[in-house]
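File shown: work11.tsv. Contents: TSV, C-alpha atoms and all ligand atoms.
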chain	number	residue	atom	x	y	z
D	1	MET	CA	-17.51	17.31	-7.40
D	2	LYS	CA	-16.84	13.78	-8.56
D	3	ILE	CA	-13.60	12.22	-7.34
D	4	LEU	CA	-11.68	9.13	-8.32
D	5	HIS	CA	-9.61	8.03	-5.31
D	6	THR	CA	-6.77	5.53	-5.67
D	7	SER	CA	-3.39	4.90	-4.03
D	8	ASP	CA	-0.50	2.45	-3.67
D	9	TRP	CA	0.13	1.60	-7.29
D	10	HIS	CA	3.63	0.37	-6.42
D	11	LEU	CA	4.72	0.53	-10.07
D	12	GLY	CA	7.94	-1.35	-10.68
D	13	HIS	CA	7.13	-3.92	-8.00
D	14	THR	CA	8.51	-7.34	-8.83
D	15	LEU	CA	7.24	-10.51	-7.21
D	16	TYR	CA	9.99	-13.01	-6.41
D	17	ASN	CA	11.98	-11.53	-9.29
D	18	TYR	CA	9.14	-11.86	-11.79
D	19	ASP	CA	8.56	-8.75	-13.84
D	20	ARG	CA	4.99	-7.44	-13.40
D	21	THR	CA	4.95	-4.82	-16.15
D	22	GLN	CA	2.15	-6.60	-18.02
D	23	GLU	CA	-0.24	-6.56	-15.06
D	24	GLN	CA	0.72	-3.03	-14.13
D	25	MET	CA	0.01	-1.93	-17.70
D	26	ALA	CA	-3.37	-3.71	-17.59
D	27	MET	CA	-4.22	-1.87	-14.37
D	28	LEU	CA	-3.20	1.48	-15.89
D	29	LEU	CA	-5.32	0.85	-19.00
D	30	ARG	CA	-8.26	0.05	-16.74
D	31	MET	CA	-7.70	3.40	-14.96
D	32	VAL	CA	-7.86	5.15	-18.34
D	33	ASP	CA	-11.15	3.36	-19.14
D	34	VAL	CA	-12.71	4.21	-15.79
D	35	VAL	CA	-11.75	7.88	-16.21
D	36	ARG	CA	-13.27	7.89	-19.70
D	37	GLU	CA	-16.51	6.34	-18.42
D	38	GLU	CA	-16.85	8.19	-15.13
D	39	LYS	CA	-15.47	11.61	-16.13
D	40	PRO	CA	-14.42	12.62	-12.62
D	41	ASP	CA	-13.56	16.24	-11.84
D	42	LEU	CA	-10.67	15.16	-9.67
D	43	PHE	CA	-8.27	12.23	-9.82
D	44	LEU	CA	-6.44	11.52	-6.54
D	45	LEU	CA	-3.43	9.22	-6.34
D	46	CYS	CA	-2.55	9.19	-2.65
D	47	GLY	CA	1.03	7.98	-2.50
D	48	ASP	CA	3.23	4.98	-3.30
D	49	VAL	CA	3.18	5.65	-7.01
D	50	TYR	CA	6.33	3.58	-7.32
D	51	HIS	CA	7.51	0.64	-5.27
D	52	THR	CA	11.01	2.07	-4.81
D	53	PRO	CA	12.48	5.57	-4.58
D	54	GLN	CA	14.71	4.66	-7.57
D	55	PRO	CA	12.33	3.30	-10.21
D	56	SER	CA	13.89	2.28	-13.52
D	57	ALA	CA	13.61	4.49	-16.59
D	58	ALA	CA	11.16	1.99	-18.12
D	59	VAL	CA	8.88	2.14	-15.09
D	60	GLN	CA	8.95	5.94	-15.01
D	61	THR	CA	8.12	6.02	-18.71
D	62	MET	CA	5.21	3.65	-18.13
D	63	PHE	CA	3.88	5.94	-15.41
D	64	THR	CA	4.28	9.22	-17.30
D	65	ASN	CA	2.67	7.72	-20.44
D	66	ALA	CA	-0.21	6.50	-18.29
D	67	LEU	CA	-0.67	9.95	-16.76
D	68	VAL	CA	-0.92	11.52	-20.19
D	69	ALA	CA	-3.41	8.83	-21.31
D	70	ILE	CA	-5.49	9.38	-18.16
D	71	HIS	CA	-5.45	13.12	-18.80
D	72	ASP	CA	-6.47	12.62	-22.44
D	73	ALA	CA	-9.40	10.45	-21.34
D	74	ASN	CA	-10.87	13.49	-19.55
D	75	PRO	CA	-8.88	16.67	-20.27
D	76	GLU	CA	-11.06	18.81	-17.97
D	77	MET	CA	-10.04	16.77	-14.95
D	78	THR	CA	-7.60	17.94	-12.26
D	79	MET	CA	-5.12	15.33	-11.07
D	80	VAL	CA	-3.40	15.41	-7.71
D	81	ILE	CA	-0.57	12.98	-7.09
D	82	THR	CA	1.13	12.87	-3.72
D	83	ALA	CA	4.26	10.96	-2.74
D	84	GLY	CA	4.06	7.99	-0.35
D	85	ASN	CA	6.69	6.46	1.93
D	86	HIS	CA	7.92	4.28	-0.95
D	87	ASP	CA	8.44	7.30	-3.23
D	88	SER	CA	11.21	9.84	-3.26
D	89	GLY	CA	9.53	13.10	-2.30
D	90	THR	CA	12.13	15.27	-3.99
D	91	LYS	CA	12.08	13.29	-7.25
D	92	HIS	CA	8.31	13.38	-7.18
D	93	ASP	CA	8.52	17.20	-7.46
D	94	ILE	CA	11.01	17.41	-10.34
D	95	PHE	CA	8.45	17.80	-13.12
D	96	ARG	CA	5.96	19.77	-11.06
D	97	THR	CA	6.04	22.74	-13.44
D	98	PRO	CA	5.53	20.98	-16.81
D	99	TRP	CA	2.86	18.69	-15.34
D	100	ARG	CA	0.79	21.74	-14.43
D	101	ALA	CA	0.11	22.25	-18.15
D	102	LEU	CA	-1.97	19.04	-18.02
D	103	LYS	CA	-3.72	20.05	-14.75
D	104	VAL	CA	-1.56	17.54	-12.91
D	105	HIS	CA	-0.39	18.63	-9.45
D	106	THR	CA	2.50	16.62	-8.02
D	107	ILE	CA	3.10	17.08	-4.29
D	108	GLY	CA	6.24	15.40	-3.00
D	109	SER	CA	6.98	17.11	0.28
D	110	VAL	CA	5.78	19.67	2.81
D	111	ASN	CA	7.55	22.99	3.23
D	112	PRO	CA	6.52	24.16	6.72
D	113	ASN	CA	6.97	27.79	5.66
D	114	GLN	CA	4.72	27.43	2.64
D	115	ILE	CA	1.95	25.10	3.63
D	116	GLU	CA	-0.54	26.95	1.41
D	117	ASP	CA	1.24	25.22	-1.52
D	118	LEU	CA	-0.66	22.11	-0.42
D	119	ILE	CA	-4.02	23.74	-1.11
D	120	ILE	CA	-5.37	23.31	-4.63
D	121	GLU	CA	-8.51	25.14	-5.65
D	122	ILE	CA	-10.61	23.64	-8.41
D	123	ALA	CA	-12.51	26.66	-9.65
D	124	GLY	CA	-16.22	26.43	-8.89
D	125	LYS	CA	-15.92	22.79	-7.81
D	126	GLY	CA	-14.03	22.52	-4.55
D	127	TYR	CA	-10.74	22.42	-2.67
D	128	VAL	CA	-8.07	19.77	-2.27
D	129	ILE	CA	-5.64	19.75	0.62
D	130	ALA	CA	-2.90	17.47	-0.72
D	131	VAL	CA	-0.68	16.15	2.07
D	132	PRO	CA	2.00	13.66	0.98
D	133	TYR	CA	3.77	11.19	3.27
D	134	VAL	CA	5.77	13.07	5.88
D	135	ASN	CA	8.10	11.39	8.34
D	136	GLU	CA	6.53	11.91	11.78
D	137	ARG	CA	9.57	13.86	12.97
D	138	ASN	CA	9.10	16.39	10.18
D	139	MET	CA	5.33	16.62	10.40
D	140	PRO	CA	4.50	20.20	11.41
D	141	LYS	CA	2.35	20.14	14.53
D	142	GLY	CA	-1.32	20.71	13.83
D	143	LEU	CA	-0.70	20.81	10.07
D	144	PHE	CA	-4.01	19.23	9.09
D	145	GLN	CA	-6.22	21.58	11.11
D	146	GLU	CA	-4.20	24.62	10.07
D	147	LEU	CA	-4.71	23.73	6.41
D	148	LEU	CA	-8.39	23.04	6.96
D	149	ASN	CA	-8.77	26.44	8.66
D	150	LYS	CA	-7.05	28.18	5.75
D	151	VAL	CA	-9.49	26.56	3.33
D	152	GLU	CA	-12.45	27.39	5.56
D	153	GLU	CA	-11.49	31.09	5.33
D	154	LYS	CA	-11.42	31.01	1.52
D	155	ASN	CA	-14.45	28.80	1.05
D	156	SER	CA	-17.22	31.41	1.06
D	157	ASN	CA	-19.24	29.41	-1.49
D	158	ASN	CA	-19.40	26.29	0.68
D	159	LEU	CA	-17.68	24.11	-1.90
D	160	PRO	CA	-16.66	20.54	-0.99
D	161	VAL	CA	-13.30	20.10	0.77
D	162	VAL	CA	-11.16	17.00	0.20
D	163	MET	CA	-7.97	16.19	2.06
D	164	THR	CA	-5.36	13.51	1.34
D	165	ALA	CA	-2.74	11.80	3.50
D	166	HIS	CA	-0.42	8.81	3.32
D	167	LEU	CA	-0.23	7.29	6.78
D	168	THR	CA	-1.72	4.74	9.17
D	169	VAL	CA	-4.88	5.64	11.03
D	170	SER	CA	-5.20	3.57	14.17
D	171	GLY	CA	-7.94	1.00	14.36
D	172	CYS	CA	-7.89	0.09	10.70
D	173	ASP	CA	-7.68	-3.40	9.29
D	174	PHE	CA	-4.11	-4.36	8.34
D	175	ALA	CA	-5.13	-7.38	6.24
D	176	GLY	CA	-2.58	-7.94	3.51
D	177	HIS	CA	0.26	-6.34	5.43
D	178	GLU	CA	2.25	-9.35	6.42
D	179	HIS	CA	4.84	-7.59	8.56
D	180	ALA	CA	3.97	-5.23	11.34
D	181	THR	CA	7.25	-3.53	10.48
D	182	ASP	CA	5.45	-1.99	7.50
D	183	TYR	CA	4.08	0.45	10.06
D	184	ALA	CA	6.74	0.78	12.66
D	185	VAL	CA	9.72	1.14	10.33
D	186	GLY	CA	10.09	3.98	7.88
D	187	GLY	CA	8.63	6.50	10.28
D	188	ILE	CA	5.06	5.54	9.64
D	189	ASP	CA	3.31	6.01	12.91
D	190	SER	CA	-0.37	5.77	13.44
D	191	TYR	CA	-2.63	8.77	13.86
D	192	HIS	CA	-5.99	8.92	15.54
D	193	VAL	CA	-8.66	10.01	13.14
D	194	GLU	CA	-9.35	13.04	15.40
D	195	GLU	CA	-5.74	14.20	14.87
D	196	MET	CA	-6.56	14.67	11.21
D	197	GLY	CA	-8.66	17.69	12.16
D	198	SER	CA	-12.19	18.58	11.17
D	199	GLY	CA	-13.65	20.48	8.27
D	200	TYR	CA	-13.04	18.07	5.39
D	201	ASP	CA	-15.91	16.39	3.58
D	202	TYR	CA	-13.81	13.45	2.45
D	203	LEU	CA	-10.41	12.27	3.63
D	204	ALA	CA	-8.66	10.20	0.95
D	205	LEU	CA	-6.00	7.96	2.46
D	206	GLY	CA	-3.14	5.90	1.10
D	207	HIS	CA	-0.71	3.43	2.72
D	208	ILE	CA	-2.96	0.60	3.92
D	209	HIS	CA	-3.53	-1.82	1.06
D	210	HIS	CA	-6.99	-3.08	2.04
D	211	ALA	CA	-9.84	-0.80	0.88
D	212	GLN	CA	-11.87	0.30	3.89
D	213	PHE	CA	-13.68	3.04	5.74
D	214	VAL	CA	-11.82	4.13	8.84
D	215	HIS	CA	-13.59	3.39	12.09
D	216	GLY	CA	-14.82	6.63	13.67
D	217	GLY	CA	-14.50	8.51	10.39
D	218	HIS	CA	-18.27	8.87	9.89
D	219	HIS	CA	-18.13	7.24	6.47
D	220	ARG	CA	-16.02	10.05	5.06
D	221	VAL	CA	-12.53	8.72	5.81
D	222	ARG	CA	-11.34	5.97	3.53
D	223	TYR	CA	-8.42	3.94	2.22
D	224	SER	CA	-8.89	3.10	-1.45
D	225	GLY	CA	-6.48	0.16	-1.15
D	226	THR	CA	-4.25	-1.16	-3.91
D	227	PRO	CA	-5.69	-1.54	-7.43
D	228	ILE	CA	-3.34	-4.51	-7.95
D	229	PRO	CA	-2.15	-6.85	-5.17
D	230	VAL	CA	1.39	-6.29	-3.94
D	231	SER	CA	1.57	-9.37	-1.70
D	232	PHE	CA	0.00	-12.84	-1.55
D	233	ASP	CA	-1.80	-11.85	1.62
D	234	GLU	CA	-3.86	-9.27	-0.23
D	235	ASN	CA	-6.36	-11.99	-1.10
D	236	TYR	CA	-9.41	-9.76	-1.44
D	237	PRO	CA	-10.97	-7.91	-4.39
D	238	HIS	CA	-9.11	-4.79	-5.51
D	239	SER	CA	-10.76	-1.57	-6.50
D	240	LEU	CA	-10.68	2.19	-6.77
D	241	THR	CA	-13.13	4.44	-4.97
D	242	MET	CA	-15.56	6.89	-6.60
D	243	VAL	CA	-16.78	9.74	-4.40
D	244	GLU	CA	-19.45	12.32	-5.11
D	245	LEU	CA	-19.69	15.49	-3.04
D	246	THR	CA	-22.47	18.00	-3.59
D	247	SER	CA	-21.43	20.77	-1.20
D	248	HIS	CA	-19.53	21.49	1.99
D	249	HIS	CA	-20.88	19.59	5.03
D	250	GLU	CA	-22.89	17.20	2.85
D	251	LYS	CA	-22.40	13.45	3.20
D	252	PRO	CA	-20.32	11.94	0.37
D	253	ILE	CA	-21.79	9.27	-1.88
D	254	ILE	CA	-19.20	6.54	-2.20
D	255	ARG	CA	-18.89	3.39	-4.30
D	256	GLU	CA	-16.15	0.99	-5.31
D	257	VAL	CA	-15.18	0.18	-8.87
D	258	GLU	CA	-13.54	-3.22	-8.99
D	259	ILE	CA	-10.21	-3.61	-10.78
D	260	GLU	CA	-9.77	-7.16	-11.95
D	261	THR	CA	-6.36	-8.62	-11.25
D	262	HIS	CA	-4.76	-9.56	-14.54
D	263	ARG	CA	-2.51	-12.21	-13.02
D	264	PRO	CA	-3.87	-13.28	-9.62
D	265	LEU	CA	-1.71	-14.23	-6.64
D	266	VAL	CA	-2.79	-17.71	-5.60
D	267	THR	CA	-1.87	-19.63	-2.44
D	268	LEU	CA	-2.19	-23.43	-2.54
D	269	PRO	CA	-3.97	-24.73	-0.58
D	270	THR	CA	-6.21	-21.68	-0.11
D	271	GLU	CA	-6.47	-22.42	3.63
D	272	GLY	CA	-4.01	-24.04	6.00
D	273	ALA	CA	-1.04	-26.12	4.87
D	274	VAL	CA	-0.55	-29.62	3.41
D	275	SER	CA	2.28	-32.13	3.15
D	276	TRP	CA	4.96	-31.59	0.52
D	277	GLU	CA	3.58	-34.54	-1.50
D	278	LYS	CA	0.06	-33.04	-1.47
D	279	ALA	CA	1.39	-29.60	-2.31
D	280	LYS	CA	3.15	-30.98	-5.38
D	281	GLN	CA	-0.13	-32.63	-6.38
D	282	LEU	CA	-2.01	-29.35	-6.02
D	283	LEU	CA	0.57	-27.60	-8.14
D	284	SER	CA	0.48	-30.19	-10.91
D	285	ASN	CA	-3.33	-30.11	-10.86
D	286	PHE	CA	-3.29	-26.35	-11.29
D	287	PRO	CA	-4.69	-25.58	-14.79
D	288	ASP	CA	-1.94	-25.23	-17.40
D	289	ASP	CA	-3.38	-22.16	-19.06
D	290	VAL	CA	-4.09	-19.98	-16.00
D	291	GLU	CA	-1.71	-17.07	-15.62
D	292	ALA	CA	-1.16	-16.72	-11.89
D	293	TYR	CA	1.55	-16.44	-9.28
D	294	ILE	CA	1.72	-19.45	-7.00
D	295	ARG	CA	2.73	-19.73	-3.37
D	296	LEU	CA	2.66	-23.10	-1.61
D	297	HIS	CA	1.88	-23.60	2.07
D	298	VAL	CA	3.56	-26.78	3.22
D	299	GLU	CA	3.54	-28.55	6.54
D	300	VAL	CA	6.86	-30.20	7.40
D	301	GLU	CA	8.12	-32.36	10.23
D	302	ASP	CA	11.61	-30.90	10.17
D	303	PHE	CA	12.69	-29.36	6.92
D	304	LEU	CA	11.65	-29.31	3.29
D	305	PRO	CA	13.68	-31.54	0.96
D	306	ALA	CA	16.59	-29.50	-0.41
D	307	GLU	CA	15.36	-29.97	-3.98
D	308	ALA	CA	11.78	-28.87	-3.24
D	309	HIS	CA	12.09	-25.52	-4.94
D	310	ALA	CA	13.61	-27.03	-8.08
D	311	GLU	CA	10.89	-29.70	-8.11
D	312	ALA	CA	8.16	-27.08	-7.95
D	313	GLN	CA	9.86	-25.16	-10.76
D	314	LEU	CA	9.91	-28.30	-12.87
D	315	ILE	CA	6.22	-29.04	-12.24
D	316	SER	CA	5.23	-25.55	-13.33
D	317	GLU	CA	7.62	-25.50	-16.29
D	318	ASN	CA	4.96	-26.12	-18.93
D	319	LYS	CA	2.29	-24.10	-17.21
D	320	LYS	CA	1.46	-20.44	-17.61
D	321	CYS	CA	1.58	-19.91	-13.85
D	322	ARG	CA	4.68	-18.52	-12.16
D	323	PHE	CA	5.86	-20.48	-9.16
D	324	CYS	CA	7.15	-18.12	-6.46
D	325	VAL	CA	7.75	-19.53	-3.03
D	326	ILE	CA	7.14	-22.31	-0.51
D	327	ASN	CA	6.16	-21.27	2.98
D	328	THR	CA	6.64	-23.98	5.57
D	329	ARG	CA	4.95	-24.62	8.85
D	330	ARG	CA	6.42	-27.14	11.26
D	331	LEU	CA	4.08	-29.90	12.33
D	332	ASN	CA	5.24	-30.31	15.88
D	333	SER	CA	5.65	-26.73	16.88
D	334	PRO	CA	2.61	-25.48	18.73
D	335	ILE	CA	0.80	-23.01	16.50
D	336	ARG	CA	0.45	-19.76	18.30
D	337	GLU	CA	-2.71	-17.82	17.68
D	338	ALA	CA	-1.96	-14.97	15.29
D	339	LYS	CA	-2.14	-11.82	17.31
D	340	MET	CA	-3.28	-8.46	15.98
D	341	MET	CA	-1.14	-5.69	17.38
D	342	SER	CA	-1.46	-1.96	17.31
D	343	VAL	CA	1.60	0.08	16.39
D	344	GLN	CA	1.81	1.26	19.99
D	345	GLU	CA	1.76	-2.31	21.26
D	346	PHE	CA	4.39	-3.33	18.76
D	347	LYS	CA	6.62	-0.40	19.72
D	348	SER	CA	6.39	-1.26	23.40
D	349	GLU	CA	7.78	-4.73	22.71
D	350	GLU	CA	11.41	-5.46	23.44
D	351	PRO	CA	13.37	-6.35	20.28
D	352	ILE	CA	14.56	-9.55	21.90
D	353	ASP	CA	10.97	-10.72	22.47
D	354	ILE	CA	10.11	-10.08	18.83
D	355	ALA	CA	13.19	-12.03	17.76
D	356	LYS	CA	12.27	-14.90	20.09
D	357	ARG	CA	8.76	-15.10	18.67
D	358	TYR	CA	10.13	-15.03	15.15
D	359	ALA	CA	12.53	-17.86	15.97
D	360	GLU	CA	9.69	-19.83	17.51
D	361	ASP	CA	7.66	-19.41	14.32
D	362	LEU	CA	10.55	-20.75	12.29
D	363	GLY	CA	11.07	-23.61	14.70
D	364	ILE	CA	14.54	-22.43	15.71
D	365	GLU	CA	15.64	-22.71	19.30
D	366	PHE	CA	16.63	-19.33	20.72
D	367	ASP	CA	19.51	-20.52	22.92
D	368	ASN	CA	22.07	-18.61	24.96
D	369	ASP	CA	24.41	-18.16	21.99
D	370	MET	CA	21.62	-16.64	19.96
D	371	ASN	CA	20.71	-14.43	22.88
D	372	GLU	CA	24.23	-13.14	23.18
D	373	LEU	CA	24.62	-12.60	19.44
D	374	PHE	CA	21.37	-10.69	19.30
D	375	GLN	CA	22.38	-8.49	22.23
D	376	GLN	CA	25.73	-7.71	20.59
D	377	THR	CA	24.02	-6.78	17.34
D	378	LEU	CA	21.61	-4.51	19.18
D	379	ASP	CA	24.53	-2.79	20.93
D	380	ILE	CA	26.28	-2.15	17.62
D	381	LEU	CA	23.08	-0.81	16.13
D	382	SER	CA	22.37	1.57	18.97
D	383	GLU	CA	25.97	2.83	18.83
D	384	ASP	CA	25.56	3.45	15.10
D	385	SER	CA	22.35	5.37	15.56
D	386	ARG	CA	24.06	7.67	18.08
D	387	LYS	CA	26.68	8.71	15.51
S	401	MN	MN	1.86	1.11	-0.12

Go through the file and emit its structure as structure tokens.
Ligand SMILES: [Mn+2]
Amino acid sequence: MKILHTSDWHLGHTLYNYDRTQEQMAMLLRMVDVVREEKPDLFLLCGDVYHTPQPSAAVQTMFTNALVAIHDANPEMTMVITAGNHDSGTKHDIFRTPWRALKVHTIGSVNPNQIEDLIIEIAGKGYVIAVPYVNERNMPKGLFQELLNKVEEKNSNNLPVVMTAHLTVSGCDFAGHEHATDYAVGGIDSYHVEEMGSGYDYLALGHIHHAQFVHGGHHRVRYSGTPIPVSFDENYPHSLTMVELTSHHEKPIIREVEIETHRPLVTLPTEGAVSWEKAKQLLSNFPDDVEAYIRLHVEVEDFLPAEAHAEAQLISENKKCRFCVINTRRLNSPIREAKMMSVQEFKSEEPIDIAKRYAEDLGIEFDNDMNELFQQTLDILSEDSRK
């Protein structure tokens, strides 16, 4: 069984209010080409189809047209599309029935009384256990192993077994995810790879945007990463993953297929930060005809000049690049070493300590007034959550 594994398309994502339809279309066309060339038996899109639960009509049309084009590129192929934490699970299921006519299976949510709905058999080829994003509070206990056991019972021909999930597996590399809150908020908790059960031949993951094998997953547990960067910090090549499985209990053969970014996200300078004067120079030296998004990293003594943003806009006016944002770093504030934190570590932090660190990063003094204000806000919030 040959599998194309992708996730986190985030269709409809805008970058600093710039419309990204063009690049998203280019990515979708590339998907169609890869499917035509590779002729996979199974196409897996493991969550975060859209960037928001309420995508516009135009974005939904773009996606549904792309699905039909991908199907047409290899009509024998089965497609399995699960919802991610950015998607609306219920909306994801609306067209479940008509999509089946094109061998497209949409899985938006888990019904604990009908978990066998998550098992898709591809006749003579293999099994897919399609688990969408599930808020940890609603995740049925032992769901993964129960599903794997159900498949094991049916699988008398020793066909390959693939499972999907949209979640964080602990110990993976968060590169590209700027805010730790991406994991802690929205109910995304991290799972140990052992909690995902045993009995699958390949575990196709979505949620983390950097393509990678999961540590401890014996080279059969993998995030495909985003095919198109969603943030400036995703400054690595983007790809989809091709997997070949011969039979149950055999090692998968895995390779990446690079997806070129149509309009790259560029940070100037590429490392560190420079003065505002130097940053302006870098921006004006940026080639006129290169389509890119630009972020500037600027070192300041106190604050950026008020007109800095307008100045940068003016410099890029006659260029094809799109100026997005200026990130500042204060010269005199001691630069704390960036610290990698696990979700557990982050959760054990007191909110006030996180706020204090944030203030420190911004160069704001966290005085008694701030302290009090923060405490009051926390009290209001905790009262609200009790209602
Ligand atoms: Mn995502």

Dump the neighbourhood of ligand MN 401 (chain S) as a JSON list (two decimals) with C-alpha atoms, keeping the file's coordinate frame: all residues within 10 Å, distances computed on all atoms listed in the file.
[["chain", "number", "residue", "atom", "x", "y", "z"],
["D", 7, "SER", "CA", -3.39, 4.90, -4.03],
["D", 8, "ASP", "CA", -0.50, 2.45, -3.67],
["D", 9, "TRP", "CA", 0.13, 1.60, -7.29],
["D", 10, "HIS", "CA", 3.63, 0.37, -6.42],
["D", 46, "CYS", "CA", -2.55, 9.19, -2.65],
["D", 47, "GLY", "CA", 1.03, 7.98, -2.50],
["D", 48, "ASP", "CA", 3.23, 4.98, -3.30],
["D", 49, "VAL", "CA", 3.18, 5.65, -7.01],
["D", 50, "TYR", "CA", 6.33, 3.58, -7.32],
["D", 51, "HIS", "CA", 7.51, 0.64, -5.27],
["D", 84, "GLY", "CA", 4.06, 7.99, -0.35],
["D", 85, "ASN", "CA", 6.69, 6.46, 1.93],
["D", 86, "HIS", "CA", 7.92, 4.28, -0.95],
["D", 87, "ASP", "CA", 8.44, 7.30, -3.23],
["D", 166, "HIS", "CA", -0.42, 8.81, 3.32],
["D", 167, "LEU", "CA", -0.23, 7.29, 6.78],
["D", 177, "HIS", "CA", 0.26, -6.34, 5.43],
["D", 182, "ASP", "CA", 5.45, -1.99, 7.50],
["D", 206, "GLY", "CA", -3.14, 5.90, 1.10],
["D", 207, "HIS", "CA", -0.71, 3.43, 2.72],
["D", 208, "ILE", "CA", -2.96, 0.60, 3.92],
["D", 209, "HIS", "CA", -3.53, -1.82, 1.06],
["D", 225, "GLY", "CA", -6.48, 0.16, -1.15],
["D", 226, "THR", "CA", -4.25, -1.16, -3.91],
["D", 230, "VAL", "CA", 1.39, -6.29, -3.94]]

- Note on the structure: Between atom CA of D:Ser198 and atom CA of D:Gln145 lies a distance of 6.7 Å

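Across the structure, atom CA of D:Leu205 and atom CA of D:Gln22 are spaced 26.4 Å apart.
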
- Smallest atom-to-atom distance to D:Tyr133: which of D:Pro237, D:Pro75, D:Pro264, D:Gly108, using all atoms listed in the file? D:Gly108

- re atom CA of D:Lys320 and atom CA of D:Ala58: distance 24.4 Å
